[in-house]
$ cat my_file25.cif   # mmCIF, C-alpha atoms
data_entry
#
loop_
_atom_site.label_atom_id
_atom_site.label_comp_id
_atom_site.auth_asym_id
_atom_site.auth_seq_id
_atom_site.Cartn_x
_atom_site.Cartn_y
_atom_site.Cartn_z
CA MET A 1 108.56 46.27 23.10
CA ASN A 2 112.29 45.68 23.66
CA TYR A 3 115.24 47.94 22.81
CA HIS A 4 115.90 46.37 19.41
CA HIS A 5 112.30 46.88 18.33
CA VAL A 6 112.42 50.53 19.41
CA VAL A 7 115.56 51.16 17.35
CA LEU A 8 114.10 49.42 14.31
CA PHE A 9 110.82 51.35 14.60
CA CYS A 10 112.60 54.70 14.83
CA PHE A 11 114.85 53.89 11.87
CA SER A 12 111.89 52.84 9.70
CA SER A 13 109.94 55.96 10.65
CA ALA A 14 112.86 58.21 9.77
CA ALA A 15 113.22 56.54 6.38
CA VAL A 16 109.56 57.17 5.59
CA ILE A 17 109.74 60.77 6.72
CA ASN A 18 112.74 61.39 4.49
CA GLY A 19 110.71 59.90 1.65
CA ASN A 20 113.14 57.17 0.70
CA ALA A 21 113.08 53.81 2.48
CA ALA A 22 116.38 52.00 2.32
CA PRO A 23 116.25 48.95 0.01
CA ASN A 24 117.45 46.68 2.81
CA ASN A 25 114.60 47.81 5.06
CA PRO A 26 111.41 47.39 3.04
CA HIS A 27 108.03 48.75 3.97
CA THR A 28 106.25 45.85 5.69
CA LYS A 29 102.50 45.75 5.22
CA MET A 30 99.80 43.21 5.89
CA GLU A 31 97.70 41.81 3.06
CA GLY A 32 94.60 43.88 2.34
CA LEU A 33 96.04 47.18 3.58
CA ASP A 34 97.14 50.18 1.51
CA PHE A 35 100.68 51.41 0.92
CA PHE A 36 101.43 55.14 0.97
CA SER A 37 104.72 56.97 0.75
CA GLN A 38 106.19 60.17 -0.70
CA TYR A 39 109.49 60.95 -2.39
CA LYS A 40 111.21 64.28 -3.04
CA LEU A 41 111.91 64.69 -6.75
CA ASN A 42 112.63 67.66 -9.00
CA VAL A 43 109.63 67.73 -11.33
CA GLN A 44 109.51 70.34 -14.08
CA PRO A 45 106.14 71.34 -15.64
CA GLY A 46 105.19 68.83 -18.31
CA SER A 47 107.76 66.29 -17.14
CA ARG A 48 106.96 62.59 -17.20
CA ILE A 49 106.54 60.93 -13.81
CA TYR A 50 106.23 57.18 -13.45
CA LEU A 51 105.99 54.20 -11.09
CA CYS A 52 107.52 50.90 -12.11
CA ARG A 53 108.81 47.59 -10.77
CA ASN A 54 112.22 45.94 -11.04
CA ASP A 55 114.28 47.42 -13.93
CA CYS A 56 111.50 49.65 -15.33
CA ARG A 57 111.29 47.88 -18.66
CA LYS A 58 108.18 48.57 -20.74
CA GLU A 59 106.30 45.68 -19.19
CA ASP A 60 107.33 46.86 -15.69
CA ILE A 61 105.62 50.27 -15.95
CA LEU A 62 102.66 50.40 -13.56
CA VAL A 63 101.50 53.99 -14.14
CA GLU A 64 102.93 57.07 -15.86
CA THR A 65 101.70 60.56 -16.74
CA GLN A 66 102.72 64.10 -17.65
CA ARG A 67 99.96 65.54 -15.52
CA GLU A 68 99.96 66.15 -11.78
CA SER A 69 98.21 62.87 -10.95
CA MET A 70 97.28 59.58 -12.55
CA GLN A 71 95.71 56.29 -11.40
CA THR A 72 95.76 52.91 -13.11
CA GLY A 73 93.99 50.12 -11.26
CA ARG A 74 95.41 49.88 -7.73
CA TYR A 75 98.34 52.20 -8.46
CA ARG A 76 98.34 55.99 -8.16
CA ILE A 77 101.00 58.72 -8.37
CA ARG A 78 100.46 62.41 -7.57
CA TYR A 79 102.86 65.33 -7.72
CA ASP A 80 102.45 67.97 -5.02
CA LYS A 81 104.24 71.13 -6.16
CA THR A 82 103.88 72.76 -2.75
CA ASP A 83 106.47 70.42 -1.25
CA ASN A 84 107.97 69.18 -4.54
CA LYS A 85 107.22 65.55 -3.71
CA VAL A 86 105.69 62.64 -5.62
CA HIS A 87 103.14 60.64 -3.61
CA VAL A 88 102.78 56.91 -4.30
CA VAL A 89 99.69 54.90 -3.34
CA ILE A 90 99.10 51.15 -3.83
CA THR A 91 95.73 49.94 -2.54
CA ASP A 92 94.53 46.53 -1.34
CA LEU A 93 97.95 44.91 -1.12
CA ILE A 94 98.36 41.23 -1.99
CA PRO A 95 101.37 38.94 -1.34
CA SER A 96 102.53 39.19 -4.98
CA ASP A 97 103.06 42.94 -4.47
CA THR A 98 106.20 42.06 -2.53
CA GLY A 99 109.21 43.36 -4.47
CA SER A 100 111.29 46.33 -5.62
CA TYR A 101 109.79 49.58 -7.00
CA LYS A 102 111.05 52.83 -8.53
CA VAL A 103 109.33 56.22 -8.78
CA GLY A 104 111.00 58.68 -11.11
CA VAL A 105 110.90 61.75 -13.36
CA GLY A 106 111.73 61.99 -17.08
CA GLU A 107 113.61 59.16 -18.73
CA TYR A 108 114.81 56.21 -16.71
CA SER A 109 118.40 56.90 -15.71
CA PRO A 110 120.49 56.84 -12.52
CA GLY A 111 119.65 59.72 -10.24
CA SER A 112 116.25 60.37 -11.82
CA TYR A 113 114.32 58.03 -9.54
CA LYS A 114 113.89 56.82 -5.96
CA GLU A 115 113.90 53.12 -5.16
CA PHE A 116 111.93 51.36 -2.40
CA LYS A 117 110.81 47.86 -1.48
CA ILE A 118 107.55 46.47 -0.15
CA LYS A 119 107.03 43.28 1.80
CA VAL A 120 103.42 42.09 2.02
CA ARG A 121 102.70 39.67 4.84
CA ALA A 122 99.83 37.22 4.45
CA ARG A 123 96.91 37.77 6.79
CA CYS A 124 97.10 34.19 8.01
CA GLU A 125 100.75 33.29 8.33
CA GLU A 126 99.82 30.76 11.01
CA VAL A 127 96.46 28.99 11.37
CA VAL A 128 95.30 27.73 14.77
CA HIS A 129 92.13 25.93 15.87
CA GLY A 130 90.14 26.88 18.92
CA GLU A 131 88.48 24.54 21.39
CA GLN A 132 85.16 24.86 19.58
CA GLN A 133 85.29 24.73 15.78
CA VAL A 134 81.58 24.64 14.86
CA TYR A 135 79.05 27.24 16.03
CA SER A 136 75.28 27.15 15.50
CA GLY A 137 72.86 30.06 15.25
CA THR A 138 69.25 30.68 14.26
CA VAL A 139 67.90 32.73 11.38
CA GLY A 140 67.50 36.35 12.49
CA GLY A 141 69.54 35.80 15.64
CA ASN A 142 73.09 36.65 16.72
CA ILE A 143 76.18 34.55 17.32
CA THR A 144 79.39 35.34 19.26
CA ILE A 145 82.72 33.57 18.77
CA GLN A 146 85.64 33.93 21.17
CA CYS A 147 88.91 34.11 19.24
CA SER A 148 91.51 32.27 21.30
CA LEU A 149 94.33 34.47 20.00
CA SER A 150 96.45 36.58 22.29
CA ALA A 151 96.39 40.14 21.02
CA HIS A 152 97.33 43.59 22.14
CA ALA A 153 94.52 46.11 22.30
CA LEU A 154 96.08 48.06 19.40
CA ASN A 155 96.83 45.03 17.22
CA ARG A 156 94.81 44.78 14.03
CA LYS A 157 91.90 42.39 14.64
CA PHE A 158 89.86 41.14 11.71
CA LEU A 159 87.18 38.73 10.49
CA CYS A 160 87.20 37.10 7.05
CA ARG A 161 85.67 34.17 5.14
CA ASP A 162 87.24 31.13 3.49
CA THR A 163 90.81 31.92 2.36
CA CYS A 164 90.75 35.46 3.83
CA HIS A 165 91.34 37.25 0.53
CA THR A 166 88.50 39.57 1.46
CA ILE A 167 88.10 41.12 4.91
CA LEU A 168 84.57 41.34 6.30
CA PHE A 169 85.50 43.58 9.21
CA GLU A 170 88.66 44.81 10.93
CA THR A 171 89.70 47.31 13.58
CA ILE A 172 92.61 48.46 15.74
CA SER A 173 90.26 49.71 18.46
CA GLU A 174 89.16 47.83 21.56
CA ARG A 175 85.51 47.81 20.50
CA VAL A 176 83.92 48.71 17.19
CA GLY A 177 80.94 47.45 15.23
CA SER A 178 78.81 47.87 12.13
CA ASN A 179 75.28 46.87 11.17
CA LYS A 180 76.41 43.23 10.76
CA TYR A 181 79.69 42.63 12.62
CA GLU A 182 81.25 43.63 15.94
CA ILE A 183 84.70 43.02 17.45
CA THR A 184 85.21 43.45 21.19
CA TYR A 185 88.58 43.24 22.94
CA GLY A 186 88.52 41.60 26.37
CA ASN A 187 90.60 42.07 29.53
CA ASN A 188 92.14 38.61 29.20
CA GLY A 189 94.01 39.50 26.02
CA LEU A 190 91.47 37.70 23.79
CA PHE A 191 88.69 39.22 21.69
CA ASN A 192 85.18 38.28 20.59
CA VAL A 193 83.54 38.48 17.18
CA THR A 194 79.75 38.90 16.95
CA ILE A 195 77.66 38.41 13.80
CA THR A 196 74.11 39.78 13.95
CA GLN A 197 70.93 39.28 11.90
CA LEU A 198 71.94 35.79 10.75
CA THR A 199 70.73 34.53 7.37
CA TRP A 200 71.11 31.25 5.49
CA SER A 201 74.03 32.71 3.50
CA ASP A 202 76.00 33.26 6.74
CA SER A 203 76.63 29.51 6.99
CA GLY A 204 80.20 28.62 6.06
CA ARG A 205 83.85 28.81 7.01
CA TYR A 206 85.36 31.84 8.75
CA SER A 207 88.63 33.06 10.23
CA CYS A 208 89.22 35.61 12.96
CA GLY A 209 92.77 36.89 13.08
CA VAL A 210 95.40 39.17 14.57
CA GLY A 211 97.86 41.20 12.53
CA ARG A 212 101.06 42.03 14.36
CA GLN A 213 103.91 44.39 13.51
CA PHE A 214 106.86 42.23 14.58
CA GLN A 215 105.32 38.84 15.24
CA THR A 216 103.53 36.24 13.18
CA ASN A 217 100.02 36.98 11.98
CA GLN A 218 97.61 34.34 13.29
CA CYS A 219 94.15 33.16 12.28
CA GLN A 220 91.64 30.93 14.03
CA VAL A 221 89.40 28.90 11.73
CA PHE A 222 85.81 27.95 12.61
CA GLU A 223 82.49 27.01 10.99
CA ILE A 224 79.06 28.58 11.38
CA THR A 225 75.83 26.64 10.77
CA VAL A 226 72.60 28.64 10.62
CA THR A 227 69.52 26.67 11.68
CA GLY A 228 66.37 27.31 13.73
CA ALA A 229 62.64 27.79 13.19
CA GLY A 230 63.23 28.83 9.64
CA GLY A 231 64.84 25.44 8.95
CA ALA A 232 61.51 23.63 9.30
CA LEU A 233 59.78 26.02 6.92
CA ARG A 234 62.37 25.81 4.18
CA PRO A 235 61.59 22.17 3.11
CA LEU A 236 57.86 22.93 3.33
CA VAL A 237 58.22 25.91 1.03
CA CYS A 238 60.20 23.82 -1.45
CA LEU A 239 57.59 21.03 -1.37
CA THR A 240 54.77 23.52 -1.92
CA ALA A 241 56.59 25.00 -4.90
CA VAL A 242 57.05 21.53 -6.43
CA VAL A 243 53.36 20.67 -5.98
CA LEU A 244 52.28 23.95 -7.60
CA LEU A 245 54.64 23.36 -10.50
CA VAL A 246 53.31 19.84 -11.11
CA GLY A 247 49.73 21.15 -10.94
CA CYS A 248 50.47 23.82 -13.54
CA VAL A 249 52.02 21.25 -15.87
CA LEU A 250 48.99 18.93 -15.58
CA LEU A 251 46.59 21.82 -16.18
CA LEU A 252 48.44 22.88 -19.32
CA TYR A 253 48.48 19.27 -20.53
CA LYS A 254 44.69 18.91 -20.10
CA GLN A 255 44.05 22.16 -21.92
CA ARG A 256 46.18 21.00 -24.81
CA ILE A 257 44.31 17.67 -25.04
CA ARG A 258 40.96 19.51 -25.12
CA SER A 259 42.22 21.81 -27.83
CA VAL A 260 43.26 18.85 -29.98
CA GLU A 261 39.85 17.15 -29.53
CA TYR A 262 38.00 20.38 -30.42
CA VAL A 263 40.05 20.82 -33.60
CA ASN A 264 39.36 17.23 -34.67
CA THR A 265 35.59 17.63 -34.07
CA ARG A 266 35.37 20.90 -35.95
CA GLY A 267 37.28 19.38 -38.83
CA SER A 268 34.73 16.58 -39.39
CA GLU A 269 31.74 18.93 -39.04
CA GLY A 270 33.10 21.45 -41.47
CA ASN A 271 33.80 18.99 -44.32
CA PRO A 272 31.46 20.08 -47.16
CA GLU A 273 31.70 16.69 -48.85
CA THR A 274 30.18 14.77 -45.97
CA ALA A 275 26.59 13.43 -46.48
CA ILE A 276 25.33 16.20 -48.78
CA TYR A 277 24.39 14.21 -51.85
CA ASP A 278 23.71 10.86 -50.23
CA ASP A 279 19.92 10.94 -50.93
CA CYS A 280 20.17 11.97 -54.55
CA ALA A 281 18.96 9.40 -57.12
CA PRO A 282 21.31 8.29 -59.88
CA PHE A 283 21.35 10.69 -62.81
CA SER A 284 20.29 8.04 -65.31
CA THR A 285 16.90 7.42 -63.57
CA TYR A 286 15.83 11.04 -63.60
CA GLU A 287 12.51 11.40 -65.51
CA GLY A 288 13.58 14.58 -67.22
CA SER A 289 16.43 12.96 -69.07
CA THR A 290 16.95 14.62 -72.42
CA TYR A 291 18.45 11.57 -74.12
CA TRP A 292 16.65 8.57 -75.68
CA GLU A 293 17.99 5.17 -76.36
CA LEU A 294 18.62 4.74 -80.12
CA ASP A 295 16.98 1.88 -81.94
CA PRO A 296 19.62 0.10 -84.02
CA GLN A 297 16.87 -1.10 -86.42
CA SER A 298 15.63 2.37 -87.16
CA ARG A 299 16.02 3.48 -90.75
CA ASP A 300 16.33 7.00 -89.71
CA HIS A 301 19.97 7.79 -89.92
CA THR A 302 19.55 10.92 -87.84
CA PRO A 303 21.93 10.39 -84.91
CA TYR A 304 19.62 12.09 -82.46
CA SER A 305 15.85 11.89 -81.87
CA THR A 306 13.67 14.92 -81.67
CA LEU A 307 13.55 16.14 -78.11
CA ASP A 308 10.28 17.22 -76.61
CA THR A 309 10.54 20.32 -74.53
CA PRO A 310 8.95 19.77 -71.08
CA THR A 311 6.00 21.97 -70.24
CA TYR A 312 6.09 23.69 -66.89
CA VAL A 313 2.92 25.00 -65.21
CA TYR A 314 3.26 27.65 -62.58
CA VAL A 315 0.67 27.44 -59.81
CA LEU A 316 -0.03 30.50 -57.77
CA PRO A 317 0.03 30.09 -54.00
CA SER A 318 -3.70 30.95 -53.75
CA GLN A 319 -4.58 28.32 -56.36
CA GLU A 320 -2.45 25.78 -54.58
CA ARG A 321 -4.37 26.37 -51.33
CA ALA A 322 -7.73 26.14 -53.14
CA GLN A 323 -6.70 22.92 -54.76
CA SER A 324 -5.57 21.47 -51.43
CA SER A 325 -9.00 22.33 -49.91
CA ALA A 326 -10.84 20.72 -52.82
CA ASP A 327 -8.81 17.59 -52.38
CA ARG A 328 -9.73 17.40 -48.72
CA ILE A 329 -13.46 17.80 -49.51
CA LYS A 330 -13.29 14.92 -51.93
#

$ encode --input "my_file25.cif" --output "structure tokens"
Amino acid sequence: MNYHHVVLFCFSSAAVINGNAAPNNPHTKMEGLDFFSQYKLNVQPGSRIYLCRNDCRKEDILVETQRESMQTGRYRIRYDKTDNKVHVVITDLIPSDTGSYKVGVGEYSPGSYKEFKIKVRARCEEVVHGEQQVYSGTVGGNITIQCSLSAHALNRKFLCRDTCHTILFETISERVGSNKYEITYGNNGLFNVTITQLTWSDSGRYSCGVGRQFQTNQCQVFEITVTGAGGALRPLVCLTAVVLLVGCVLLLYKQRIRSVEYVNTRGSEGNPETAIYDDCAPFSTYEGSTYWELDPQSRDHTPYSTLDTPTYVYVLPSQERAQSSADRIK
């Protein structure tokens, strides 16, 4: 660090300690980090405190309250009456947060607020490509990538996916890890990134990067392809699922055909008009007919003839058997 950097660092630190960064020397933060600062203001009980951007018009108000603290989205203000200061917090900074801010008390007027600026630097201001751009690993295994980026041991080192809007892992230590990721700083000024317990979803594009205070932030882009023994089983599992699905469809189709045939068969058997009276003789040939043909030559003008009532003889079952035996003897 040269003399100019030392002077600038001390000046910036003093501005933060005094609680009011000069507008010409904004707070410089890297994308994804949090902003925190505090400003000495005379806050009376029940007074309105607010945080706004630009000229503090209605649409510029980010958060306001008459209580001691309030949070709206990524913005938070808190009044600490022990030191009579208003604390400002903005979390998960993005490049569009770059700009001018005001934190104040009461109505917006000169002297009732403190002004500060924030400059948010993109994580990947410069993208470089390493010697190897595609790495392969196996399901359940580990993979280590050497980031060919010169970094100081205390520089912020991070790992992200795709466009780096979301950080997977970051550290300012020489070696730190989690259940999934690990970053190790080497003696040659480079650092390694290790991803453990690989799964299919780990395939894709990544960036490892270095965030610097006074120099350009750099990222190295690479691809990870997850293959291995599990790769041979995956198509087999898919094929088995397709075969089972086709089998279920055919089984349902056969059951439906059988159901239709059964309904058709039961319909024909249950028709009460089918072959019930087929053997019955025509009504006009029945011997017991109660009507006689009229003789046109008859002098009797009576329209109907006298009807003889049929005589019915009831035969007891015992008599019927005796008669049947007599007939056999004859």

$ closest_residue --input "my_file25.cif" --among "A:Thr91, A:Ser112, A:Asn25, A:Gln213" --to "A:Gly73" --atoms "only C-alpha atoms"
A:Thr91

$ resolve_selection --input "my_file25.cif" --expression "the PyMOL selection byres ((chain A and resi 136-152) around 9)" --output "number ranges by chain"
A: 128-131, 134-135, 153-157, 185, 188-200, 203, 208-212, 218-220, 222-231

$ atom_distance --input "my_file25.cif" --atom1 "atom CA of A:Leu62" --atom2 "atom CA of A:Tyr50"
7.7 Å

$ closest_residue --input "my_file25.cif" --among "A:Asp80, A:Gln133, A:Arg256, A:Val246" --to "A:Ser207" --atoms "all atoms listed in the file"
A:Gln133

$ residues_around --input "my_file25.cif" --residues "stretch 167-171 of chain A" --least-positions-apart "5" --cutoff "7 Å" --atoms "all atoms listed in the file" --output "list in words"
Arg156, Lys157, Phe158, Leu159, Cys160, Val176 and Tyr181 of chain A

$ atom_distance --input "my_file25.cif" --atom1 "atom CA of A:Gly104" --atom2 "atom CA of A:Leu41"
7.5 Å

$ atom_distance --input "my_file25.cif" --atom1 "atom CA of A:Leu93" --atom2 "atom CA of A:Asp34"
5.9 Å

$ resolve_selection --input "my_file25.cif" --expression "the PyMOL selection byres ((chain A and resi 31) around 7)" --output "PDB file with C-alpha atoms, in the coordinates of the input"
ATOM      1  CA  LYS A  29     102.500  45.750   5.220  1.00  0.00           C
ATOM      2  CA  MET A  30      99.800  43.210   5.890  1.00  0.00           C
ATOM      3  CA  GLY A  32      94.600  43.880   2.340  1.00  0.00           C
ATOM      4  CA  LEU A  33      96.040  47.180   3.580  1.00  0.00           C
ATOM      5  CA  LEU A  93      97.950  44.910  -1.120  1.00  0.00           C
ATOM      6  CA  ILE A  94      98.360  41.230  -1.990  1.00  0.00           C
ATOM      7  CA  PRO A  95     101.370  38.940  -1.340  1.00  0.00           C
ATOM      8  CA  VAL A 120     103.420  42.090   2.020  1.00  0.00           C
ATOM      9  CA  ARG A 121     102.700  39.670   4.840  1.00  0.00           C
ATOM     10  CA  ALA A 122      99.830  37.220   4.450  1.00  0.00           C
ATOM     11  CA  ARG A 123      96.910  37.770   6.790  1.00  0.00           C
TER      12      ARG A 123
END

$ resolve_selection --input "my_file25.cif" --expression "the PyMOL selection byres ((chain A and resi 69) around 7)" --output "list in words"
Arg67, Glu68, Met70, Ile77, Arg78 and Tyr79 of chain A

$ build_atoms --input "my_file25.cif" --residues "stretch 89-113 of chain A" --atoms "N, CA and C atoms" --output "compact mmCIF listing (two decimals), in the coordinates of the input"
# COMPACT_ATOMS: atom_id res chain seq x y z
N VAL A 89 100.72 55.65 -4.05
CA VAL A 89 99.69 54.90 -3.34
C VAL A 89 99.45 53.58 -4.06
N ILE A 90 99.47 52.48 -3.32
CA ILE A 90 99.10 51.15 -3.83
C ILE A 90 98.04 50.61 -2.88
N THR A 91 96.84 50.36 -3.39
CA THR A 91 95.73 49.94 -2.54
C THR A 91 95.55 48.43 -2.54
N ASP A 92 94.92 47.94 -1.46
CA ASP A 92 94.53 46.53 -1.34
C ASP A 92 95.70 45.60 -1.67
N LEU A 93 96.73 45.69 -0.87
CA LEU A 93 97.95 44.91 -1.12
C LEU A 93 97.70 43.40 -1.08
N ILE A 94 98.41 42.70 -1.95
CA ILE A 94 98.36 41.23 -1.99
C ILE A 94 99.80 40.72 -1.90
N PRO A 95 100.00 39.45 -1.51
CA PRO A 95 101.37 38.94 -1.34
C PRO A 95 102.26 39.11 -2.56
N SER A 96 101.70 39.04 -3.78
CA SER A 96 102.53 39.19 -4.98
C SER A 96 103.03 40.61 -5.18
N ASP A 97 102.54 41.57 -4.38
CA ASP A 97 103.06 42.94 -4.47
C ASP A 97 104.43 43.07 -3.83
N THR A 98 104.86 42.04 -3.14
CA THR A 98 106.20 42.06 -2.53
C THR A 98 107.26 42.20 -3.63
N GLY A 99 108.16 43.18 -3.47
CA GLY A 99 109.21 43.36 -4.47
C GLY A 99 109.78 44.75 -4.45
N SER A 100 110.58 45.07 -5.49
CA SER A 100 111.29 46.33 -5.62
C SER A 100 110.55 47.26 -6.57
N TYR A 101 110.50 48.57 -6.21
CA TYR A 101 109.79 49.58 -7.00
C TYR A 101 110.69 50.79 -7.22
N LYS A 102 110.36 51.58 -8.25
CA LYS A 102 111.05 52.83 -8.53
C LYS A 102 110.01 53.88 -8.91
N VAL A 103 110.14 55.08 -8.39
CA VAL A 103 109.33 56.22 -8.78
C VAL A 103 110.28 57.28 -9.29
N GLY A 104 110.03 57.79 -10.51
CA GLY A 104 111.00 58.68 -11.11
C GLY A 104 110.38 59.75 -11.98
N VAL A 105 111.28 60.61 -12.53
CA VAL A 105 110.90 61.75 -13.36
C VAL A 105 111.70 61.68 -14.65
N GLY A 106 111.04 61.97 -15.78
CA GLY A 106 111.73 61.99 -17.08
C GLY A 106 112.06 60.58 -17.54
N GLU A 107 113.18 60.46 -18.25
CA GLU A 107 113.61 59.16 -18.73
C GLU A 107 114.30 58.38 -17.61
N TYR A 108 114.22 57.06 -17.74
CA TYR A 108 114.81 56.21 -16.71
C TYR A 108 116.32 56.28 -16.79
N SER A 109 116.93 56.81 -15.75
CA SER A 109 118.40 56.90 -15.71
C SER A 109 118.81 57.06 -14.25
N PRO A 110 120.03 56.70 -13.91
CA PRO A 110 120.49 56.84 -12.52
C PRO A 110 120.35 58.27 -12.03
N GLY A 111 119.82 58.42 -10.84
CA GLY A 111 119.65 59.72 -10.24
C GLY A 111 118.32 60.37 -10.55
N SER A 112 117.55 59.78 -11.46
CA SER A 112 116.25 60.37 -11.82
C SER A 112 115.11 59.68 -11.10
N TYR A 113 115.39 58.78 -10.20
CA TYR A 113 114.32 58.03 -9.54
C TYR A 113 114.71 57.72 -8.10
